[in-house]
>>> print(open('entry_7.tsv').read())   # TSV, C-alpha atoms
chain	number	residue	atom	x	y	z
A	1	MET	CA	5.71	5.84	9.46
A	2	THR	CA	2.01	6.19	8.52
A	3	GLY	CA	-0.85	4.13	7.20
A	4	ASP	CA	-2.99	4.76	4.13
A	5	THR	CA	-0.27	4.86	1.51
A	6	TYR	CA	-0.60	3.00	-1.77
A	7	PHE	CA	1.04	2.10	-5.04
A	8	PRO	CA	-1.25	3.54	-7.76
A	9	ASN	CA	-3.80	0.89	-8.70
A	10	GLY	CA	-6.38	2.58	-10.91
A	11	PRO	CA	-6.21	3.13	-14.66
A	12	PRO	CA	-4.70	6.53	-15.52
A	13	VAL	CA	-7.57	9.02	-15.62
A	14	ALA	CA	-8.16	11.22	-18.67
A	15	LEU	CA	-8.83	14.87	-17.98
A	16	ALA	CA	-12.26	16.33	-18.65
A	17	GLY	CA	-12.84	19.40	-20.79
A	18	SER	CA	-10.05	21.94	-20.39
A	19	ASN	CA	-8.80	20.62	-17.05
A	20	THR	CA	-5.07	19.99	-16.84
A	21	ASN	CA	-4.77	20.13	-13.07
A	22	GLY	CA	-5.69	17.65	-10.38
A	23	GLN	CA	-5.62	18.30	-6.67
A	24	GLY	CA	-6.84	17.01	-3.33
A	25	ARG	CA	-5.75	15.83	0.09
A	26	ASN	CA	-5.49	12.57	2.01
A	27	GLY	CA	-5.15	11.64	5.67
A	28	HIS	CA	-2.55	9.40	7.26
A	29	VAL	CA	-2.50	7.90	10.75
A	30	VAL	CA	0.96	8.01	12.33
A	31	GLY	CA	2.31	4.93	14.08
A	32	PRO	CA	3.26	4.69	17.76
A	33	SER	CA	6.15	7.16	17.63
A	34	LYS	CA	6.55	10.86	16.90
A	35	VAL	CA	8.37	11.38	13.59
A	36	LYS	CA	10.54	14.08	12.05
A	37	ASN	CA	12.27	14.74	8.71
A	38	ILE	CA	9.12	13.85	6.77
A	39	VAL	CA	9.48	12.83	3.11
A	40	ILE	CA	6.59	12.34	0.65
A	41	VAL	CA	7.08	9.66	-2.02
A	42	ASP	CA	5.06	9.37	-5.24
A	43	ALA	CA	5.21	6.72	-7.97
A	44	HIS	CA	4.74	7.28	-11.71
A	45	ALA	CA	3.51	3.75	-12.48
A	46	TYR	CA	0.53	1.56	-11.61
A	47	VAL	CA	-0.72	-1.99	-11.17
A	48	ALA	CA	-3.52	-2.71	-13.61
A	49	PRO	CA	-6.98	-3.82	-12.49
A	50	GLY	CA	-7.88	-7.26	-13.74
A	51	SER	CA	-4.31	-8.53	-13.80
A	52	GLY	CA	-2.03	-6.81	-11.28
A	53	GLN	CA	0.55	-6.23	-13.99
A	54	GLU	CA	2.85	-3.28	-13.41
A	55	PHE	CA	2.98	-0.60	-16.10
A	56	ASN	CA	5.11	2.55	-16.39
A	57	SER	CA	2.07	4.69	-17.08
A	58	PRO	CA	0.71	7.27	-17.76
A	59	ALA	CA	2.99	7.82	-20.74
A	60	ASN	CA	3.00	11.60	-20.34
A	61	THR	CA	4.98	13.54	-17.74
A	62	MET	CA	3.35	14.90	-14.59
A	63	THR	CA	4.40	17.95	-12.58
A	64	TRP	CA	3.95	17.42	-8.85
A	65	GLN	CA	3.43	19.73	-5.91
A	66	ARG	CA	2.84	18.43	-2.40
A	67	ALA	CA	2.13	19.86	1.04
A	68	TYR	CA	2.16	18.58	4.63
A	69	GLU	CA	-0.49	19.41	7.21
A	70	LYS	CA	0.04	18.85	10.92
A	71	LEU	CA	-3.36	18.76	12.61
A	72	THR	CA	-2.18	19.09	16.20
A	73	GLY	CA	-1.90	22.71	17.32
A	74	ILE	CA	-2.26	25.33	14.57
A	75	ASN	CA	-3.07	23.80	11.20
A	76	THR	CA	-0.77	25.50	8.69
A	77	PRO	CA	-0.13	23.54	5.49
A	78	VAL	CA	3.55	23.65	4.48
A	79	ARG	CA	4.72	23.15	0.91
A	80	ALA	CA	6.96	20.17	0.19
A	81	LEU	CA	10.17	20.96	-1.68
A	82	TYR	CA	12.15	18.90	-4.17
A	83	ASP	CA	15.75	18.65	-5.36
A	84	GLY	CA	17.14	21.05	-2.79
A	85	GLY	CA	14.44	23.69	-2.82
A	86	SER	CA	12.21	23.51	-5.91
A	87	THR	CA	8.45	23.74	-5.32
A	88	THR	CA	7.74	21.34	-8.20
A	89	HIS	CA	9.06	18.08	-9.59
A	90	VAL	CA	8.45	16.65	-13.07
A	91	SER	CA	8.13	12.87	-13.19
A	92	ASN	CA	8.57	10.49	-16.10
A	93	PRO	CA	7.06	7.00	-16.45
A	94	GLY	CA	8.64	4.47	-14.11
A	95	GLU	CA	10.06	6.99	-11.67
A	96	LEU	CA	9.72	7.42	-7.92
A	97	ILE	CA	9.56	11.02	-6.71
A	98	PHE	CA	10.97	11.91	-3.27
A	99	SER	CA	10.39	15.27	-1.65
A	100	ASP	CA	13.15	16.87	0.37
A	101	ALA	CA	13.09	15.92	4.05
A	102	HIS	CA	11.20	18.60	5.95
A	103	ALA	CA	13.56	19.69	8.71
A	104	THR	CA	11.02	21.26	11.08
A	105	MET	CA	7.66	19.53	10.42
A	106	GLU	CA	6.99	16.82	13.00
A	107	TRP	CA	3.95	14.56	13.31
A	108	ASP	CA	2.99	13.24	16.74
A	109	ALA	CA	2.42	9.57	17.49
A	110	ASP	CA	-1.10	8.20	16.98
A	111	THR	CA	-2.37	11.35	15.23
A	112	THR	CA	-4.00	11.86	11.85
A	113	ASN	CA	-2.32	14.37	9.55
A	114	TYR	CA	-2.73	15.17	5.88
A	115	THR	CA	-0.82	15.41	2.64
A	116	GLY	CA	-2.10	17.56	-0.21
A	117	PHE	CA	-1.38	17.15	-3.90
A	118	TYR	CA	-1.51	19.38	-6.96
A	119	ARG	CA	-0.61	17.81	-10.30
A	120	THR	CA	-0.49	19.20	-13.80
A	121	VAL	CA	-0.07	17.49	-17.16
A	122	PRO	CA	1.02	19.06	-20.45
A	123	LEU	CA	-2.18	18.50	-22.49
A	124	VAL	CA	-5.89	18.02	-21.85
A	125	THR	CA	-5.58	14.69	-23.64
A	126	ASP	CA	-3.03	13.45	-21.10
A	127	THR	CA	-3.82	11.33	-18.05
A	128	MET	CA	-3.05	11.17	-14.32
A	129	SER	CA	-2.36	8.21	-12.07
A	130	ALA	CA	-5.11	7.12	-9.71
A	131	VAL	CA	-5.69	5.27	-6.44
A	132	THR	CA	-9.07	3.61	-5.95
A	133	ASN	CA	-8.84	2.99	-2.19
A	134	ASN	CA	-10.72	5.37	0.12
A	135	GLY	CA	-8.43	6.28	2.97
A	136	VAL	CA	-8.77	8.91	5.67
A	137	GLY	CA	-10.30	12.07	4.21
A	138	SER	CA	-9.81	11.01	0.59
A	139	ALA	CA	-10.44	13.94	-1.76
A	140	GLY	CA	-9.58	14.59	-5.36
A	141	PHE	CA	-10.85	16.69	-8.25
A	142	ARG	CA	-9.81	18.02	-11.66
A	143	THR	CA	-9.74	21.72	-12.33
A	144	THR	CA	-8.35	24.60	-14.35
A	145	GLY	CA	-7.77	26.47	-11.10
A	146	GLY	CA	-4.59	27.14	-9.21
A	147	SER	CA	-3.06	25.23	-6.35
A	148	GLN	CA	-4.88	25.22	-3.00
A	149	LEU	CA	-2.11	23.38	-1.18
A	150	LEU	CA	-1.62	26.21	1.31
A	151	ARG	CA	-5.31	26.99	1.66
A	152	ALA	CA	-6.34	28.32	5.06
A	153	GLY	CA	-9.30	27.01	7.06
A	154	GLY	CA	-8.03	23.65	8.21
A	155	GLY	CA	-6.81	22.64	4.79
A	156	VAL	CA	-10.32	22.11	3.39
A	157	LEU	CA	-10.26	22.51	-0.39
A	158	ASN	CA	-12.85	24.27	-2.52
A	159	ASN	CA	-13.72	22.14	-5.53
A	160	SER	CA	-16.78	24.06	-6.72
A	161	GLY	CA	-17.03	24.40	-10.49
A	162	THR	CA	-14.70	21.45	-11.11
A	163	THR	CA	-15.12	17.83	-12.15
A	164	SER	CA	-14.57	14.75	-10.02
A	165	GLY	CA	-11.10	13.32	-10.09
A	166	PRO	CA	-8.96	10.66	-8.50
A	167	ALA	CA	-7.65	10.93	-4.99
A	168	CYS	CA	-3.89	10.54	-4.99
A	169	PRO	CA	-2.43	9.58	-1.62
A	170	PRO	CA	1.36	9.26	-1.60
A	171	ALA	CA	3.03	5.98	-2.35
A	172	MET	CA	4.73	6.43	1.02
A	173	VAL	CA	5.23	8.98	3.75
A	174	LEU	CA	8.66	8.45	5.30
A	175	GLY	CA	10.31	9.97	8.36
A	176	ILE	CA	12.65	9.38	11.25
A	177	PRO	CA	10.81	8.12	14.33
A	178	TYR	CA	11.91	9.12	17.81
A	179	VAL	CA	11.41	5.49	18.83
A	180	PRO	CA	12.18	2.62	16.41
A	181	MET	CA	8.98	1.67	14.61
A	182	ALA	CA	8.10	-1.24	12.32
A	183	CYS	CA	6.24	-0.76	9.03
A	184	VAL	CA	4.81	-3.17	6.48
A	185	ILE	CA	4.03	-3.53	2.77
A	186	GLY	CA	1.06	-5.70	1.85
A	187	VAL	CA	1.26	-7.45	-1.54
A	188	VAL	CA	-2.34	-8.36	-2.20
A	189	ASP	CA	-5.05	-9.43	-4.64
A	190	SER	CA	-8.77	-8.57	-4.57
A	191	ILE	CA	-9.26	-10.24	-1.18
A	192	GLY	CA	-6.52	-8.24	0.49
A	193	TYR	CA	-7.40	-5.19	-1.61
A	194	PHE	CA	-11.01	-4.88	-0.29
A	195	LYS	CA	-13.41	-6.44	-2.84
A	196	ASP	CA	-16.79	-7.07	-1.18
A	197	ASP	CA	-15.67	-5.30	1.98
A	198	THR	CA	-16.63	-1.68	2.53
A	199	ASN	CA	-14.07	0.77	1.12
A	200	THR	CA	-13.79	3.35	3.90
A	201	SER	CA	-11.18	4.99	6.08
A	202	SER	CA	-11.65	2.32	8.74
A	203	THR	CA	-12.31	-0.84	6.70
A	204	GLN	CA	-11.01	-1.54	3.17
A	205	GLY	CA	-10.21	-5.25	3.37
A	206	PHE	CA	-8.74	-7.43	6.09
A	207	PHE	CA	-5.12	-6.32	5.60
A	208	SER	CA	-5.92	-2.63	6.06
A	209	ARG	CA	-8.36	-3.36	8.88
A	210	ALA	CA	-5.68	-5.32	10.72
A	211	MET	CA	-2.90	-2.75	10.34
A	212	ARG	CA	-5.11	0.15	11.38
A	213	ASN	CA	-5.15	-1.23	14.93
A	214	VAL	CA	-2.36	-3.43	16.22
A	215	ASN	CA	-2.46	-3.33	20.02
A	216	GLY	CA	-4.15	0.07	19.90
A	217	HIS	CA	-1.80	1.69	17.36
A	218	CYS	CA	-1.55	1.99	13.61
A	219	PHE	CA	1.07	-0.43	12.27
A	220	PRO	CA	2.36	1.82	9.44
A	221	TRP	CA	1.35	0.23	6.16
A	222	HIS	CA	1.55	0.56	2.40
A	223	LYS	CA	-0.57	-1.47	-0.01
A	224	GLN	CA	0.53	-2.90	-3.37
A	225	GLY	CA	-2.30	-4.67	-5.14
A	226	ILE	CA	-5.53	-4.80	-7.08
A	227	ASP	CA	-8.17	-7.34	-8.12
A	228	ALA	CA	-7.02	-10.46	-10.04
A	229	ASN	CA	-3.42	-9.95	-8.91
A	230	LYS	CA	-1.12	-12.98	-8.93
A	231	ILE	CA	2.24	-13.82	-7.42
A	232	GLN	CA	3.27	-14.39	-11.04
A	233	ASN	CA	2.66	-10.70	-11.83
A	234	GLN	CA	4.49	-9.47	-8.73
A	235	MET	CA	7.70	-11.42	-9.21
A	236	VAL	CA	10.84	-9.35	-8.95
A	237	ALA	CA	11.70	-9.15	-12.64
A	238	VAL	CA	8.10	-8.41	-13.61
A	239	ALA	CA	7.27	-5.66	-11.09
A	240	PRO	CA	10.51	-3.75	-10.44
A	241	VAL	CA	9.11	-0.31	-9.57
A	242	GLN	CA	7.10	-1.63	-6.64
A	243	LYS	CA	10.19	-3.39	-5.31
A	244	LEU	CA	12.02	-0.04	-5.12
A	245	LEU	CA	9.80	0.76	-2.12
A	246	TRP	CA	10.59	-2.42	-0.19
A	247	PRO	CA	13.84	-1.21	1.46
A	248	TYR	CA	11.88	1.45	3.39
A	249	VAL	CA	9.91	-1.05	5.53
A	250	THR	CA	10.68	-3.77	8.04
A	251	ASP	CA	8.06	-6.35	6.98
A	252	ILE	CA	6.55	-7.73	3.76
A	253	PHE	CA	3.09	-9.33	3.98
A	254	ILE	CA	2.26	-11.61	1.02
A	255	GLN	CA	-1.43	-12.44	0.70
A	256	LEU	CA	-1.34	-13.41	-3.00
A	257	GLY	CA	-1.86	-16.91	-4.35
A	258	THR	CA	-5.49	-17.73	-4.99
A	259	ASN	CA	-5.41	-16.46	-8.59
A	260	ASP	CA	-2.23	-18.38	-9.33
A	261	ILE	CA	-4.00	-21.60	-8.38
A	262	ALA	CA	-6.95	-20.64	-10.57
A	263	ALA	CA	-4.44	-20.43	-13.43
A	264	SER	CA	-3.74	-24.13	-12.78
A	265	ALA	CA	-0.30	-23.68	-11.25
A	266	ASP	CA	0.92	-26.84	-9.54
A	267	LEU	CA	2.52	-26.93	-6.10
A	268	ALA	CA	6.07	-26.67	-7.43
A	269	THR	CA	5.13	-23.58	-9.45
A	270	MET	CA	3.42	-21.99	-6.44
A	271	LYS	CA	6.50	-22.59	-4.31
A	272	ALA	CA	8.81	-21.16	-6.95
A	273	ARG	CA	6.73	-18.00	-7.38
A	274	PHE	CA	6.46	-17.37	-3.65
A	275	SER	CA	10.16	-18.10	-3.18
A	276	ASP	CA	11.02	-15.47	-5.78
A	277	LEU	CA	9.33	-12.76	-3.70
A	278	ALA	CA	10.31	-14.04	-0.26
A	279	THR	CA	13.97	-14.64	-1.11
A	280	TYR	CA	14.24	-11.15	-2.52
A	281	ALA	CA	12.63	-9.63	0.58
A	282	ARG	CA	14.82	-11.58	2.98
A	283	ASN	CA	17.94	-10.23	1.25
A	284	ILE	CA	16.91	-6.57	1.65
A	285	VAL	CA	18.34	-4.64	4.57
A	286	GLY	CA	15.63	-2.45	6.08
A	287	PRO	CA	15.74	0.82	8.02
A	288	TYR	CA	17.38	-0.61	11.17
A	289	GLY	CA	20.13	-2.67	9.58
A	290	ARG	CA	18.04	-5.85	9.72
A	291	TYR	CA	16.87	-8.03	6.86
A	292	LEU	CA	13.16	-7.74	6.10
A	293	ARG	CA	10.75	-10.13	7.78
A	294	VAL	CA	8.32	-12.08	5.58
A	295	HIS	CA	4.68	-12.79	6.43
A	296	ALA	CA	2.29	-14.99	4.47
A	297	SER	CA	-1.43	-15.53	4.91
A	298	SER	CA	-3.24	-18.72	4.01
A	299	ILE	CA	-5.15	-19.06	0.76
A	300	ILE	CA	-8.76	-19.35	1.85
A	301	PRO	CA	-11.23	-21.86	0.33
A	302	ARG	CA	-13.35	-20.82	-2.66
A	303	GLY	CA	-16.25	-22.44	-4.43
A	304	THR	CA	-14.65	-22.33	-7.87
A	305	PHE	CA	-11.69	-24.56	-6.98
A	306	THR	CA	-11.67	-28.08	-8.40
A	307	GLY	CA	-10.55	-31.01	-6.29
A	308	ALA	CA	-7.06	-30.80	-7.79
A	309	MET	CA	-6.88	-27.06	-7.09
A	310	ASN	CA	-7.93	-27.61	-3.50
A	311	THR	CA	-5.15	-30.16	-3.12
A	312	VAL	CA	-2.64	-27.56	-4.32
A	313	ARG	CA	-4.15	-24.99	-1.97
A	314	SER	CA	-3.97	-27.30	1.05
A	315	ASP	CA	-0.43	-28.44	0.30
A	316	TYR	CA	0.73	-24.88	-0.36
A	317	ASN	CA	-0.82	-23.62	2.90
A	318	ALA	CA	0.89	-26.47	4.77
A	319	TRP	CA	4.22	-25.50	3.20
A	320	LEU	CA	3.75	-21.87	4.26
A	321	ALA	CA	2.70	-22.92	7.76
A	322	ALA	CA	5.87	-25.01	8.08
A	323	GLY	CA	7.98	-21.95	7.25
A	324	ALA	CA	8.25	-22.29	3.46
A	325	ASP	CA	11.73	-23.83	3.66
A	326	GLY	CA	12.89	-21.06	5.98
A	327	LEU	CA	11.46	-18.16	3.96
A	328	VAL	CA	8.46	-17.26	6.16
A	329	ASP	CA	8.88	-15.56	9.52
A	330	LYS	CA	5.14	-15.57	10.34
A	331	TYR	CA	2.24	-17.52	8.85
A	332	HIS	CA	-1.24	-16.05	9.33
A	333	ASP	CA	-3.89	-18.75	9.18
A	334	ILE	CA	-7.13	-16.96	8.28
A	335	ASN	CA	-9.02	-20.00	6.96
A	336	ALA	CA	-11.37	-20.38	9.92
A	337	ALA	CA	-11.99	-16.63	10.16
A	338	ALA	CA	-12.88	-16.48	6.46
A	339	GLY	CA	-15.85	-18.76	7.14
A	340	ASP	CA	-17.95	-20.78	4.72
A	341	TYR	CA	-17.60	-19.46	1.17
A	342	THR	CA	-21.24	-20.33	0.48
A	343	THR	CA	-22.18	-17.49	2.84
A	344	TYR	CA	-20.18	-14.82	0.97
A	345	PRO	CA	-22.43	-11.96	-0.17
A	346	ASN	CA	-21.74	-11.82	-3.92
A	347	ASP	CA	-19.83	-14.90	-5.01
A	348	GLN	CA	-18.02	-17.88	-3.53
A	349	ILE	CA	-14.60	-16.21	-3.74
A	350	HIS	CA	-14.69	-12.90	-1.86
A	351	PRO	CA	-15.56	-12.65	1.84
A	352	GLY	CA	-17.91	-9.89	3.00
A	353	PRO	CA	-17.37	-7.27	5.71
A	354	THR	CA	-18.12	-9.67	8.58
A	355	GLN	CA	-15.50	-12.14	7.42
A	356	HIS	CA	-12.98	-9.38	6.64
A	357	ALA	CA	-13.34	-8.13	10.22
A	358	ALA	CA	-12.79	-11.65	11.57
A	359	MET	CA	-9.71	-12.21	9.39
A	360	ALA	CA	-8.35	-8.81	10.41
A	361	ALA	CA	-8.66	-9.72	14.09
A	362	VAL	CA	-6.45	-12.78	13.55
A	363	VAL	CA	-3.79	-10.83	11.67
A	364	SER	CA	-3.88	-7.89	14.09
A	365	ALA	CA	-3.24	-10.18	17.05
A	366	ASN	CA	-0.43	-11.92	15.19
A	367	MET	CA	1.26	-8.61	14.36
A	368	VAL	CA	1.58	-7.39	17.97
A	369	PRO	CA	5.13	-8.70	18.57
A	370	TYR	CA	6.23	-7.50	15.12
A	371	ALA	CA	5.47	-3.91	16.08
A	372	ASP	CA	8.94	-4.10	17.60
A	373	PRO	CA	11.23	-3.82	14.55
A	374	TYR	CA	13.88	-5.88	16.36
A	375	PHE	CA	11.58	-8.83	17.13
A	376	GLN	CA	12.90	-11.97	15.40
A	377	ALA	CA	15.11	-9.71	13.31
A	378	ARG	CA	18.12	-11.10	11.48
A	379	LEU	CA	21.21	-8.91	11.45
A	380	ALA	CA	22.50	-7.73	8.11
A	381	ALA	CA	25.74	-9.29	6.97
>>> encode(input="entry_7.tsv", output="structure tokens")
Amino acid sequence: MTGDTYFPNGPPVALAGSNTNGQGRNGHVVGPSKVKNIVIVDAHAYVAPGSGQEFNSPANTMTWQRAYEKLTGINTPVRALYDGGSTTHVSNPGELIFSDAHATMEWDADTTNYTGFYRTVPLVTDTMSAVTNNGVGSAGFRTTGGSQLLRAGGGVLNNSGTTSGPACPPAMVLGIPYVPMACVIGVVDSIGYFKDDTNTSSTQGFFSRAMRNVNGHCFPWHKQGIDANKIQNQMVAVAPVQKLLWPYVTDIFIQLGTNDIAASADLATMKARFSDLATYARNIVGPYGRYLRVHASSIIPRGTFTGAMNTVRSDYNAWLAAGADGLVDKYHDINAAAGDYTTYPNDQIHPGPTQHAAMAAVVSANMVPYADPYFQARLAA
């Protein structure tokens, strides 16, 4: 129902000094419908930088507190509850944490609202999960102080006398929309993640740029990815915790692939890896009783590909464009928008902000009909 939600993708952060608490707040843009019964979801796992492998980490427990802030009208942060009324929830490695549905909090369409977090760990030697993307109003710090979740004054937190710490946006913010609304998970590598684009609340890679504005509205989105990620490391048996979030969306957007080719995978291997993800997605029934729709973007050229690798890339893109044997509902050809890799700012692999904006424009235009969750939808059996 909102944008700017993420699967944790930074190494678990060790606490500094005597700090055992981490807190902050993060903004989320609501999609094109008012929503009610809001639920905050957190994940006690992460995808590792440099590989994209999923780990049930940190190894220690974490105690969570969350709050909602509605910024239209009077801003009064409201504490999230768990398990039928508890103000806290203790998570173990590999778990997803769902707050109780808030019966009276409602967020209006096309507005920005906030979630706050306050986490504690048992020991100063323990660690907390992290998210490295900068979304709307990202804030996080480590402290010995008490929770500021219900702090007055527009929800602004006072972090004086503390150390810097990771922002921790929810893995998802769920709710019941008044009007049916599509939502998407992006499964991405460094190009979809944001490398060599600016990492801000309005940029952050072509996938985020695109979903922030689809026909004038946020297309609610969640990002699963990090640099060096591969399809191989996101296959169903290898990354099960991330897949637990897939039934809550209508669309899966798979941008991965360039790093699989760099690992010398042939065309048959590329097809098999993609088919593992796409087949799984197409057999999940989403929020409106329809099977999930699958999107795939082209693998863009890069200067480090050999002739044989470029052949695999071209043949794989052609297979995706032809529907991937019936597995792809929409192919997003971003090759032309990515431009000449010799013009990239830092290497011949990662496009810069100008190219990210151009790729985003292609994807945003392509996503317009999919904002209707019933567009091209297959009924569940």
>>> closest_atom_pairs(input="entry_7.tsv", of="range 306-351 of chain A", to="range 357-368 of chain A", cutoff="10 Å", atoms="all atoms listed in the file", output="CSV")
residue,atom,partner,partner_atom,distance
A:Lys330,CA,A:Asn366,CA,8.2
A:Tyr331,CA,A:Asn366,CA,8.9
A:His332,CA,A:Val363,CA,6.3
A:Asp333,CA,A:Val362,CA,7.8
A:Ile334,CA,A:Met359,CA,5.5
A:Asn335,CA,A:Met359,CA,8.2
A:Ala336,CA,A:Met359,CA,8.4
A:Ala337,CA,A:Met359,CA,5.0
A:Ala338,CA,A:Met359,CA,6.1
A:Gly339,CA,A:Ala358,CA,8.9
A:Pro351,CA,A:Met359,CA,9.6
>>> closest_atom_pairs(input="entry_7.tsv", of="range 71-103 of chain A", to="range 137-157 of chain A", cutoff="8 Å", atoms="all atoms listed in the file", output="Markdown table")
| residue | atom | partner | partner_atom | distance |
| --- | --- | --- | --- | --- |
| A:Asn75 | CA | A:Gly154 | CA | 5.8 |
| A:Thr76 | CA | A:Ala152 | CA | 7.2 |
| A:Pro77 | CA | A:Leu150 | CA | 5.2 |
| A:Val78 | CA | A:Leu150 | CA | 6.6 |
| A:Arg79 | CA | A:Leu150 | CA | 7.1 |
>>> residues_around(input="entry_7.tsv", residues="Thr203 in chain A", least_positions_apart="2", cutoff="10 Å", atoms="only C-alpha atoms", output="PyMOL selection string")
chain A and resi 134-135+194+197-201+205-210+212+353+356-357+360
>>> write_last_selection(input="entry_7.tsv", atoms="C-alpha atoms", output="compact mmCIF listing (two decimals), in the frame of the given file")
# COMPACT_ATOMS: atom_id res chain seq x y z
CA ASN A 134 -10.72 5.37 0.12
CA GLY A 135 -8.43 6.28 2.97
CA PHE A 194 -11.01 -4.88 -0.29
CA ASP A 197 -15.67 -5.30 1.98
CA THR A 198 -16.63 -1.68 2.53
CA ASN A 199 -14.07 0.77 1.12
CA THR A 200 -13.79 3.35 3.90
CA SER A 201 -11.18 4.99 6.08
CA GLY A 205 -10.21 -5.25 3.37
CA PHE A 206 -8.74 -7.43 6.09
CA PHE A 207 -5.12 -6.32 5.60
CA SER A 208 -5.92 -2.63 6.06
CA ARG A 209 -8.36 -3.36 8.88
CA ALA A 210 -5.68 -5.32 10.72
CA ARG A 212 -5.11 0.15 11.38
CA PRO A 353 -17.37 -7.27 5.71
CA HIS A 356 -12.98 -9.38 6.64
CA ALA A 357 -13.34 -8.13 10.22
CA ALA A 360 -8.35 -8.81 10.41
>>> closest_residue(input="entry_7.tsv", among="A:Asn215, A:Gln224, A:Asn56, A:Ser91", to="Thr5 in chain A", atoms="all atoms listed in the file")
A:Gln224
>>> closest_residue(input="entry_7.tsv", among="A:Val241, A:Ala101, A:Lys271, A:Ser86", to="Ala43 in chain A", atoms="all atoms listed in the file")
A:Val241
>>> closest_residue(input="entry_7.tsv", among="A:Val41, A:Val131, A:Ser314, A:Ala265", to="Gly165 in chain A", atoms="only C-alpha atoms")
A:Val131
>>> closest_residue(input="entry_7.tsv", among="A:Thr104, A:Thr342, A:Ser51, A:Gln255", to="Ile185 in chain A", atoms="all atoms listed in the file")
A:Gln255
